[in-house]
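Asks: What follows is the file final-v2.pdb, containing PDB, C-alpha atoms, pLDDT in the B column:
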ATOM      1  CA  MET A   1     -71.265  56.150  30.843  1.00 76.00           C
ATOM      2  CA  LEU A   2     -71.633  59.887  30.205  1.00 83.00           C
ATOM      3  CA  ASP A   3     -68.309  59.903  28.365  1.00 85.00           C
ATOM      4  CA  ALA A   4     -69.597  57.207  26.018  1.00 91.00           C
ATOM      5  CA  ILE A   5     -72.786  59.172  25.338  1.00 93.00           C
ATOM      6  CA  ASN A   6     -70.878  62.394  24.725  1.00 92.00           C
ATOM      7  CA  ALA A   7     -68.407  60.622  22.424  1.00 95.00           C
ATOM      8  CA  VAL A   8     -71.145  59.957  19.859  1.00 95.00           C
ATOM      9  CA  ASP A   9     -71.647  62.528  17.103  1.00 97.00           C
ATOM     10  CA  TRP A  10     -75.425  62.299  17.186  1.00 96.00           C
ATOM     11  CA  GLY A  11     -75.749  64.968  14.518  1.00 96.00           C
ATOM     12  CA  ALA A  12     -73.843  62.796  12.051  1.00 96.00           C
ATOM     13  CA  ILE A  13     -76.374  59.971  12.352  1.00 96.00           C
ATOM     14  CA  PRO A  14     -78.970  60.200   9.563  1.00 95.00           C
ATOM     15  CA  GLY A  15     -82.624  60.480  10.423  1.00 93.00           C
ATOM     16  CA  HIS A  16     -85.957  61.840   9.264  1.00 89.00           C
ATOM     17  CA  PRO A  17     -85.358  65.614   8.994  1.00 90.00           C
ATOM     18  CA  ASP A  18     -88.774  66.491  10.391  1.00 89.00           C
ATOM     19  CA  TRP A  19     -88.628  64.066  13.321  1.00 92.00           C
ATOM     20  CA  TYR A  20     -85.079  63.224  14.353  1.00 95.00           C
ATOM     21  CA  GLU A  21     -83.545  65.695  16.795  1.00 96.00           C
ATOM     22  CA  PRO A  22     -79.953  64.676  17.624  1.00 97.00           C
ATOM     23  CA  ALA A  23     -79.804  66.958  20.682  1.00 97.00           C
ATOM     24  CA  ARG A  24     -82.730  65.078  22.223  1.00 97.00           C
ATOM     25  CA  ALA A  25     -80.899  61.777  21.811  1.00 97.00           C
ATOM     26  CA  ALA A  26     -77.832  63.052  23.661  1.00 97.00           C
ATOM     27  CA  ARG A  27     -79.790  64.948  26.329  1.00 97.00           C
ATOM     28  CA  GLY A  28     -82.218  62.102  26.889  1.00 97.00           C
ATOM     29  CA  LEU A  29     -79.502  59.490  27.380  1.00 98.00           C
ATOM     30  CA  ARG A  30     -77.519  61.732  29.724  1.00 97.00           C
ATOM     31  CA  ALA A  31     -80.648  62.530  31.706  1.00 97.00           C
ATOM     32  CA  LEU A  32     -81.667  58.877  31.946  1.00 97.00           C
ATOM     33  CA  ALA A  33     -78.179  57.876  33.078  1.00 96.00           C
ATOM     34  CA  ASP A  34     -78.292  60.518  35.837  1.00 96.00           C
ATOM     35  CA  ALA A  35     -81.961  60.090  36.787  1.00 96.00           C
ATOM     36  CA  ALA A  36     -82.580  59.588  40.488  1.00 94.00           C
ATOM     37  CA  ASN A  37     -86.383  59.528  40.635  1.00 95.00           C
ATOM     38  CA  LEU A  38     -89.482  58.748  38.603  1.00 96.00           C
ATOM     39  CA  ALA A  39     -90.006  62.322  37.404  1.00 97.00           C
ATOM     40  CA  GLU A  40     -86.479  62.540  36.001  1.00 96.00           C
ATOM     41  CA  VAL A  41     -86.849  59.150  34.332  1.00 96.00           C
ATOM     42  CA  ALA A  42     -90.112  60.223  32.714  1.00 97.00           C
ATOM     43  CA  GLU A  43     -88.595  63.447  31.396  1.00 97.00           C
ATOM     44  CA  ALA A  44     -85.581  61.636  29.947  1.00 97.00           C
ATOM     45  CA  SER A  45     -87.761  58.967  28.357  1.00 97.00           C
ATOM     46  CA  SER A  46     -89.900  61.638  26.722  1.00 97.00           C
ATOM     47  CA  LEU A  47     -86.836  63.210  25.112  1.00 97.00           C
ATOM     48  CA  LEU A  48     -85.789  59.858  23.680  1.00 97.00           C
ATOM     49  CA  ARG A  49     -89.237  58.810  22.504  1.00 95.00           C
ATOM     50  CA  ASP A  50     -90.136  62.129  20.917  1.00 94.00           C
ATOM     51  CA  GLY A  51     -87.280  62.911  18.584  1.00 95.00           C
ATOM     52  CA  GLY A  52     -84.282  61.239  20.202  1.00 96.00           C
ATOM     53  CA  ILE A  53     -84.314  57.632  19.030  1.00 97.00           C
ATOM     54  CA  GLY A  54     -87.872  57.391  17.795  1.00 95.00           C
ATOM     55  CA  HIS A  55     -91.115  59.193  17.085  1.00 89.00           C
ATOM     56  CA  GLY A  56     -93.646  57.915  19.572  1.00 80.00           C
ATOM     57  CA  HIS A  57     -96.762  59.257  17.838  1.00 74.00           C
ATOM     58  CA  SER A  58     -96.016  57.266  14.687  1.00 81.00           C
ATOM     59  CA  ALA A  59     -94.267  54.292  16.342  1.00 85.00           C
ATOM     60  CA  ALA A  60     -91.196  55.025  14.213  1.00 92.00           C
ATOM     61  CA  VAL A  61     -87.613  54.145  15.090  1.00 96.00           C
ATOM     62  CA  PHE A  62     -84.546  56.111  13.958  1.00 97.00           C
ATOM     63  CA  PRO A  63     -81.042  54.832  13.091  1.00 97.00           C
ATOM     64  CA  ALA A  64     -79.910  56.561  16.304  1.00 98.00           C
ATOM     65  CA  ALA A  65     -81.686  53.796  18.228  1.00 98.00           C
ATOM     66  CA  ALA A  66     -79.102  51.283  17.010  1.00 97.00           C
ATOM     67  CA  VAL A  67     -76.323  53.480  18.399  1.00 97.00           C
ATOM     68  CA  ALA A  68     -78.230  54.129  21.616  1.00 98.00           C
ATOM     69  CA  THR A  69     -79.046  50.486  22.401  1.00 98.00           C
ATOM     70  CA  PRO A  70     -75.691  49.562  24.031  1.00 97.00           C
ATOM     71  CA  LEU A  71     -75.857  52.780  26.039  1.00 97.00           C
ATOM     72  CA  LEU A  72     -79.391  52.006  27.185  1.00 97.00           C
ATOM     73  CA  LEU A  73     -78.250  48.539  28.249  1.00 97.00           C
ATOM     74  CA  ASP A  74     -75.462  50.133  30.280  1.00 96.00           C
ATOM     75  CA  ILE A  75     -78.066  52.347  31.939  1.00 96.00           C
ATOM     76  CA  ALA A  76     -80.182  49.261  32.642  1.00 95.00           C
ATOM     77  CA  ARG A  77     -77.173  47.701  34.364  1.00 93.00           C
ATOM     78  CA  GLN A  78     -75.982  50.685  36.370  1.00 92.00           C
ATOM     79  CA  GLY A  79     -78.831  53.176  36.676  1.00 86.00           C
ATOM     80  CA  HIS A  80     -81.710  53.830  39.044  1.00 90.00           C
ATOM     81  CA  PRO A  81     -84.260  50.947  39.098  1.00 91.00           C
ATOM     82  CA  ALA A  82     -86.823  53.127  37.348  1.00 94.00           C
ATOM     83  CA  ALA A  83     -84.204  54.097  34.747  1.00 95.00           C
ATOM     84  CA  ARG A  84     -83.457  50.417  34.233  1.00 94.00           C
ATOM     85  CA  ASP A  85     -87.097  49.668  33.470  1.00 95.00           C
ATOM     86  CA  ALA A  86     -87.360  52.689  31.176  1.00 96.00           C
ATOM     87  CA  ALA A  87     -84.177  51.753  29.301  1.00 97.00           C
ATOM     88  CA  LEU A  88     -85.416  48.223  28.663  1.00 97.00           C
ATOM     89  CA  GLY A  89     -88.786  49.607  27.570  1.00 96.00           C
ATOM     90  CA  LEU A  90     -87.123  51.978  25.118  1.00 97.00           C
ATOM     91  CA  VAL A  91     -85.067  49.161  23.609  1.00 97.00           C
ATOM     92  CA  ASP A  92     -88.195  47.018  23.342  1.00 96.00           C
ATOM     93  CA  GLU A  93     -90.022  49.816  21.518  1.00 95.00           C
ATOM     94  CA  ALA A  94     -87.068  50.403  19.190  1.00 96.00           C
ATOM     95  CA  LEU A  95     -86.913  46.709  18.278  1.00 96.00           C
ATOM     96  CA  SER A  96     -90.619  46.479  17.506  1.00 94.00           C
ATOM     97  CA  SER A  97     -91.161  49.872  15.849  1.00 95.00           C
ATOM     98  CA  TYR A  98     -90.858  50.578  12.129  1.00 93.00           C
ATOM     99  CA  PRO A  99     -88.322  52.876  10.467  1.00 93.00           C
ATOM    100  CA  HIS A 100     -89.488  55.607   8.138  1.00 85.00           C
ATOM    101  CA  GLY A 101     -88.761  56.236   4.471  1.00 82.00           C
ATOM    102  CA  GLU A 102     -85.103  55.884   3.530  1.00 89.00           C
ATOM    103  CA  TYR A 103     -83.855  55.732   7.133  1.00 94.00           C
ATOM    104  CA  THR A 104     -84.238  51.998   7.600  1.00 95.00           C
ATOM    105  CA  ARG A 105     -80.671  50.676   7.719  1.00 96.00           C
ATOM    106  CA  VAL A 106     -77.362  51.258   9.462  1.00 95.00           C
ATOM    107  CA  THR A 107     -73.706  50.459   8.839  1.00 92.00           C
ATOM    108  CA  THR A 108     -72.196  47.828  11.121  1.00 91.00           C
ATOM    109  CA  SER A 109     -69.040  45.745  11.302  1.00 88.00           C
ATOM    110  CA  TYR A 110     -70.910  42.896   9.581  1.00 87.00           C
ATOM    111  CA  GLY A 111     -72.746  44.848   6.862  1.00 87.00           C
ATOM    112  CA  THR A 112     -73.148  48.283   5.335  1.00 88.00           C
ATOM    113  CA  ALA A 113     -76.942  48.301   5.152  1.00 94.00           C
ATOM    114  CA  VAL A 114     -78.268  46.187   8.012  1.00 96.00           C
ATOM    115  CA  PRO A 115     -81.922  46.684   9.025  1.00 97.00           C
ATOM    116  CA  ILE A 116     -82.205  48.675  12.253  1.00 97.00           C
ATOM    117  CA  CYS A 117     -84.123  45.895  14.001  1.00 97.00           C
ATOM    118  CA  CYS A 118     -81.474  43.281  13.138  1.00 97.00           C
ATOM    119  CA  THR A 119     -78.725  45.566  14.427  1.00 97.00           C
ATOM    120  CA  ILE A 120     -80.547  46.043  17.732  1.00 98.00           C
ATOM    121  CA  ALA A 121     -81.148  42.290  17.980  1.00 97.00           C
ATOM    122  CA  HIS A 122     -77.437  41.616  17.457  1.00 97.00           C
ATOM    123  CA  GLN A 123     -76.572  44.025  20.269  1.00 97.00           C
ATOM    124  CA  LEU A 124     -79.073  42.342  22.581  1.00 97.00           C
ATOM    125  CA  ARG A 125     -77.576  38.918  21.900  1.00 96.00           C
ATOM    126  CA  ALA A 126     -74.134  40.348  22.662  1.00 95.00           C
ATOM    127  CA  ARG A 127     -75.426  41.261  26.143  1.00 95.00           C
ATOM    128  CA  SER A 128     -77.422  38.092  26.730  1.00 95.00           C
ATOM    129  CA  ALA A 129     -75.892  37.412  30.151  1.00 95.00           C
ATOM    130  CA  LEU A 130     -76.888  40.869  31.398  1.00 94.00           C
ATOM    131  CA  LEU A 131     -80.415  40.570  30.024  1.00 95.00           C
ATOM    132  CA  ALA A 132     -80.863  37.139  31.587  1.00 94.00           C
ATOM    133  CA  GLU A 133     -79.917  38.654  34.945  1.00 93.00           C
ATOM    134  CA  LEU A 134     -82.509  41.408  34.551  1.00 92.00           C
ATOM    135  CA  GLY A 135     -85.395  39.017  34.919  1.00 90.00           C
ATOM    136  CA  LYS A 136     -88.531  38.452  32.904  1.00 93.00           C
ATOM    137  CA  ARG A 137     -88.291  41.635  30.842  1.00 92.00           C
ATOM    138  CA  GLY A 138     -84.680  40.996  29.891  1.00 94.00           C
ATOM    139  CA  ARG A 139     -85.459  37.417  28.874  1.00 95.00           C
ATOM    140  CA  ALA A 140     -88.437  38.613  26.835  1.00 96.00           C
ATOM    141  CA  LEU A 141     -86.166  40.997  24.940  1.00 96.00           C
ATOM    142  CA  LEU A 142     -83.808  38.129  24.128  1.00 96.00           C
ATOM    143  CA  ALA A 143     -86.730  36.054  22.862  1.00 96.00           C
ATOM    144  CA  ASP A 144     -87.867  38.902  20.626  1.00 97.00           C
ATOM    145  CA  ALA A 145     -84.308  39.426  19.374  1.00 97.00           C
ATOM    146  CA  ALA A 146     -84.073  35.769  18.367  1.00 97.00           C
ATOM    147  CA  GLU A 147     -86.671  36.365  15.649  1.00 97.00           C
ATOM    148  CA  HIS A 148     -84.222  38.703  13.914  1.00 97.00           C
ATOM    149  CA  TRP A 149     -81.786  35.942  13.006  1.00 98.00           C
ATOM    150  CA  ARG A 150     -78.458  36.346  11.211  1.00 97.00           C
ATOM    151  CA  PHE A 151     -76.529  33.683   9.303  1.00 98.00           C
ATOM    152  CA  GLU A 152     -72.906  34.039   8.233  1.00 97.00           C
ATOM    153  CA  ILE A 153     -71.907  31.712   5.391  1.00 98.00           C
ATOM    154  CA  ARG A 154     -68.643  29.808   5.790  1.00 97.00           C
ATOM    155  CA  GLU A 155     -68.886  27.169   3.087  1.00 97.00           C
ATOM    156  CA  CYS A 156     -71.345  26.087   0.403  1.00 97.00           C
ATOM    157  CA  VAL A 157     -71.917  22.788  -1.381  1.00 96.00           C
ATOM    158  CA  ALA A 158     -74.096  22.129  -4.428  1.00 95.00           C
ATOM    159  CA  ASP A 159     -77.032  19.834  -3.756  1.00 89.00           C
ATOM    160  CA  SER A 160     -78.958  19.115  -6.962  1.00 87.00           C
ATOM    161  CA  ASN A 161     -80.352  22.503  -8.039  1.00 88.00           C
ATOM    162  CA  ASP A 162     -80.000  23.922  -4.549  1.00 94.00           C
ATOM    163  CA  THR A 163     -77.113  24.914  -2.321  1.00 97.00           C
ATOM    164  CA  ALA A 164     -76.366  23.711   1.186  1.00 97.00           C
ATOM    165  CA  ALA A 165     -74.886  26.689   3.035  1.00 98.00           C
ATOM    166  CA  PHE A 166     -72.906  25.922   6.192  1.00 98.00           C
ATOM    167  CA  GLY A 167     -72.170  28.641   8.704  1.00 98.00           C
ATOM    168  CA  ALA A 168     -72.978  30.343  11.998  1.00 97.00           C
ATOM    169  CA  LEU A 169     -76.583  31.054  12.956  1.00 98.00           C
ATOM    170  CA  ALA A 170     -77.437  33.718  15.533  1.00 97.00           C
ATOM    171  CA  GLY A 171     -81.031  33.789  16.693  1.00 96.00           C
ATOM    172  CA  CYS A 172     -83.695  31.285  15.654  1.00 96.00           C
ATOM    173  CA  PHE A 173     -84.474  30.483  12.035  1.00 97.00           C
ATOM    174  CA  PRO A 174     -88.227  29.778  11.847  1.00 96.00           C
ATOM    175  CA  SER A 175     -89.595  26.509  10.525  1.00 95.00           C
ATOM    176  CA  GLY A 176     -90.529  26.297   6.874  1.00 96.00           C
ATOM    177  CA  MET A 177     -89.357  28.183   3.808  1.00 97.00           C
ATOM    178  CA  HIS A 178     -88.587  31.914   4.061  1.00 97.00           C
ATOM    179  CA  ALA A 179     -87.137  34.733   2.000  1.00 98.00           C
ATOM    180  CA  ALA A 180     -83.783  36.129   3.080  1.00 98.00           C
ATOM    181  CA  GLU A 181     -81.579  39.074   2.228  1.00 97.00           C
ATOM    182  CA  LEU A 182     -78.098  38.142   1.033  1.00 97.00           C
ATOM    183  CA  HIS A 183     -75.495  40.782   1.938  1.00 96.00           C
ATOM    184  CA  VAL A 184     -72.181  40.459   0.129  1.00 93.00           C
ATOM    185  CA  GLY A 185     -69.655  43.049  -1.042  1.00 88.00           C
ATOM    186  CA  GLY A 186     -71.935  45.950  -0.184  1.00 87.00           C
ATOM    187  CA  GLN A 187     -74.716  44.543  -2.370  1.00 93.00           C
ATOM    188  CA  ILE A 188     -78.060  43.070  -1.327  1.00 95.00           C
ATOM    189  CA  ALA A 189     -79.957  40.329  -3.157  1.00 96.00           C
ATOM    190  CA  VAL A 190     -83.123  38.502  -2.109  1.00 97.00           C
ATOM    191  CA  LEU A 191     -83.151  34.733  -1.813  1.00 97.00           C
ATOM    192  CA  ASP A 192     -86.767  33.678  -2.262  1.00 97.00           C
ATOM    193  CA  GLU A 193     -86.588  30.245  -0.669  1.00 97.00           C
ATOM    194  CA  VAL A 194     -84.363  29.450   2.284  1.00 98.00           C
ATOM    195  CA  ALA A 195     -84.959  26.725   4.844  1.00 98.00           C
ATOM    196  CA  LEU A 196     -83.155  25.395   7.890  1.00 97.00           C
ATOM    197  CA  GLU A 197     -81.601  22.068   6.942  1.00 96.00           C
ATOM    198  CA  TYR A 198     -79.705  21.343  10.152  1.00 95.00           C
ATOM    199  CA  PRO A 199     -80.167  23.440  13.310  1.00 94.00           C
ATOM    200  CA  PRO A 200     -77.395  24.201  15.803  1.00 94.00           C
ATOM    201  CA  ALA A 201     -76.873  21.493  18.393  1.00 91.00           C
ATOM    202  CA  ASN A 202     -75.317  21.181  21.847  1.00 88.00           C
ATOM    203  CA  GLY A 203     -74.853  24.916  22.322  1.00 85.00           C
ATOM    204  CA  SER A 204     -73.071  25.362  18.986  1.00 93.00           C
ATOM    205  CA  VAL A 205     -73.909  28.104  16.468  1.00 96.00           C
ATOM    206  CA  GLU A 206     -73.064  25.870  13.494  1.00 97.00           C
ATOM    207  CA  ALA A 207     -76.024  25.285  11.188  1.00 98.00           C
ATOM    208  CA  CYS A 208     -76.905  24.495   7.587  1.00 97.00           C
ATOM    209  CA  LEU A 209     -79.417  26.326   5.409  1.00 98.00           C
ATOM    210  CA  ARG A 210     -80.809  25.085   2.117  1.00 97.00           C
ATOM    211  CA  VAL A 211     -81.036  27.809  -0.534  1.00 98.00           C
ATOM    212  CA  THR A 212     -83.293  26.896  -3.438  1.00 97.00           C
ATOM    213  CA  GLY A 213     -82.192  27.745  -6.982  1.00 94.00           C
ATOM    214  CA  TRP A 214     -78.829  29.343  -6.146  1.00 95.00           C
ATOM    215  CA  ARG A 215     -75.324  28.088  -6.939  1.00 95.00           C
ATOM    216  CA  PRO A 216     -72.529  27.905  -4.372  1.00 96.00           C
ATOM    217  CA  ALA A 217     -70.489  30.427  -6.363  1.00 94.00           C
ATOM    218  CA  ASP A 218     -73.208  33.030  -5.750  1.00 94.00           C
ATOM    219  CA  LEU A 219     -73.084  32.490  -1.985  1.00 96.00           C
ATOM    220  CA  PRO A 220     -69.463  33.227  -1.059  1.00 95.00           C
ATOM    221  CA  PRO A 221     -67.889  32.748   2.369  1.00 95.00           C
ATOM    222  CA  SER A 222     -68.429  35.720   4.721  1.00 92.00           C
ATOM    223  CA  ALA A 223     -71.717  36.633   3.019  1.00 96.00           C
ATOM    224  CA  VAL A 224     -74.439  37.296   5.598  1.00 97.00           C
ATOM    225  CA  LEU A 225     -78.154  36.515   5.486  1.00 97.00           C
ATOM    226  CA  PHE A 226     -80.920  38.392   7.303  1.00 98.00           C
ATOM    227  CA  PRO A 227     -84.728  37.925   7.272  1.00 98.00           C
ATOM    228  CA  ALA A 228     -86.119  39.603   4.168  1.00 97.00           C
ATOM    229  CA  GLU A 229     -89.140  40.772   6.153  1.00 96.00           C
ATOM    230  CA  CYS A 230     -86.824  42.874   8.346  1.00 95.00           C
ATOM    231  CA  GLY A 231     -85.510  44.677   5.275  1.00 92.00           C
ATOM    232  CA  GLU A 232     -89.091  45.405   4.256  1.00 90.00           C
ATOM    233  CA  ARG A 233     -90.085  46.988   7.584  1.00 82.00           C
ATOM    234  CA  VAL A 234     -90.987  50.567   6.795  1.00 77.00           C
ATOM    235  CA  HIS A 235     -93.772  53.059   7.448  1.00 66.00           C
TER     236      HIS A 235
END
As a first step, turn the structure in this file into structure tokens.

Replies:
Amino acid sequence: MLDAINAVDWGAIPGHPDWYEPARAARGLRALADAANLAEVAEASSLLRDGGIGHGHSAAVFPAAAVATPLLLDIARQGHPAARDAALGLVDEALSSYPHGEYTRVTTSYGTAVPICCTIAHQLRARSALLAELGKRGRALLADAAEHWRFEIRECVADSNDTAAFGALAGCFPSGMHAAELHVGGQIAVLDEVALEYPPANGSVEACLRVTGWRPADLPPSAVLFPAECGERVH
């Protein structure tokens, strides 16, 4: 675990110049991984909350939190019981906090400007079995992550003036009409009216969204949709 923490170039991760302290991110994660008692857990958590992955006084989250989330989940799996609880609490805070200024998005394998909260939610879903094993708090994190849905388009069909977009849905698309960010080719556009036409069934991720006023040609395969409200989260 320490090798994975040390392998990250925390200084290369962008962050608010007055708040983000890369050394605190690295030190805090190492200290939390090694913590053997409550005092050590508290000290490590303080490093992470106050400059490492967030700014506790302003409830702000840094891009470093998206990189730290898988490491915190490893600590939750392997570390001291108190470190486990602290790690889950830190992830919970990162998911619910707001980024600051221009430091609101991160580059991932499925997008170049994904909101921090959606990136953390994706990582939580990837470790759903672990979180389910960690009891009520782990399951609560999964429920919160589901609100930060992601939809990857595979095929589109014209339907009157709308488009039926078929693809894979991760998380839970809420009922009703919602705005969504369309990520394609490094560009972001806002779809004002998107609704869930057919939900996934029988454990499948396959779903259909109705996009009002857009043509299939403008919604190419491999394009990804995220909640527009996540892209608007900012202090």

Asks: Report as a ChimeraX atom specification all protein, DNA and RNA residues lying within 12 Å of Pro63 in chain A, evaluated on all atoms listed in the file, omitting residues in the same chain fewer than 3 positions from it.

Replies: /A:10-16,19-22,25,51-55,60,66-69,94-95,97-108,113-120

Asks: With the PyMOL selection byres ((chain A and resi 213) around 8) as the selection, what would be picked from this file? Answer as a list in words, please.

Replies: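 Applying the PyMOL selection byres ((chain A and resi 213) around 8) to the structure shown produces Asn161, Asp162, Thr163, Val211, Thr212, Trp214 and Arg215 of chain A.
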
Asks: From the list A:Leu196, A:Leu72, A:Cys172, A:Ala65, which residue is nearest Asp144 in chain A when using only C-alpha atoms?

Replies: A:Cys172

Asks: Using only C-alpha atoms, can you tell me which of A:Gly176, A:Gly231, A:Pro81, A:Gly135 comes closest to Val41 in chain A?

Replies: A:Pro81

Asks: Run the PyMOL selection byres ((chain A and resi 150) around 9) on the file and write out the hits as a ChimeraX atom specification.

Replies: /A:118,122,148-149,151-152,168-173,224-227

Asks: Measuring atom to atom with all atoms listed in the file, identify which of A:Arg84, A:His57, A:His178, A:Arg125 is nearest to Ala36 in chain A.

Replies: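 Under the stated criterion, the closest residue is A:Arg84.
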
Asks: Rounded to one decimal, what separation in Å do you get between CA of Leu219 in chain A and CA of Glu155 in chain A?

Replies: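 If I compute the distance from CA of Leu219 in chain A to CA of Glu155 in chain A, I get 8.5 Å.
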
Asks: Calculated over all atoms listed in the file, which of the candidates A:Val184, A:Leu73, A:Leu209, A:Ala23 has the smallest distance to Ala223 in chain A?

Replies: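 Smallest distance to Ala223 in chain A is found for A:Val184.
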
Asks: Using only C-alpha atoms, find the one residue out of A:Ala195, A:Ala145, A:Ala228, A:Ala158 that sits nearest to Leu182 in chain A.

Replies: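 So, comparing all the options, the nearest one is A:Ala228.
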
Asks: So what do you get for CA of Ala164 in chain A versus CA of Cys208 in chain A, distance-wise?

Replies: 6.5 Å

Asks: One number please: CA of Glu197 in chain A to CA of Ala132 in chain A, in Å, one decimal.

Replies: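 Taking CA of Glu197 in chain A and CA of Ala132 in chain A, their separation equals 28.9 Å.
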
Asks: I need the residue nearest Phe62 in chain A from this list: A:Ser45, A:Ser175, A:Gln78, A:Ser96. Use all atoms listed in the file for the distance.

Replies: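 Between A:Ser45, A:Ser175, A:Gln78, A:Ser96, the residue approaching Phe62 in chain A most closely is A:Ser96.
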
Asks: Work out where the centre of an axis-aligned box around every listed atom of range 74-90 of chain A lies and how long its edges are once 8 Å is added on each side; give both in Å to one decimal as lines of an AutoDock Vina configuration file.

Replies:
center_x = -82.1
center_y = 50.9
center_z = 32.1
size_x = 29.3
size_y = 22.4
size_z = 30.0

Asks: Find the residues around Pro70 in chain A up to 12 Å (all atoms listed in the file counted), leave out those fewer than 5 positions away in its own chain, and share them as a PyMOL selection string.

Replies: chain A and resi 1+4-5+29+64-65+75-77+87-88+90-91+119-128+130-131

Asks: Taking 3 positions as the minimum chain separation for residues in the same chain, which residues sit within 7 Å of Ala44 in chain A when counting all atoms listed in the file? Answer as a PyMOL selection string.

Replies: chain A and resi 28-29+31-32+40-41+47-48
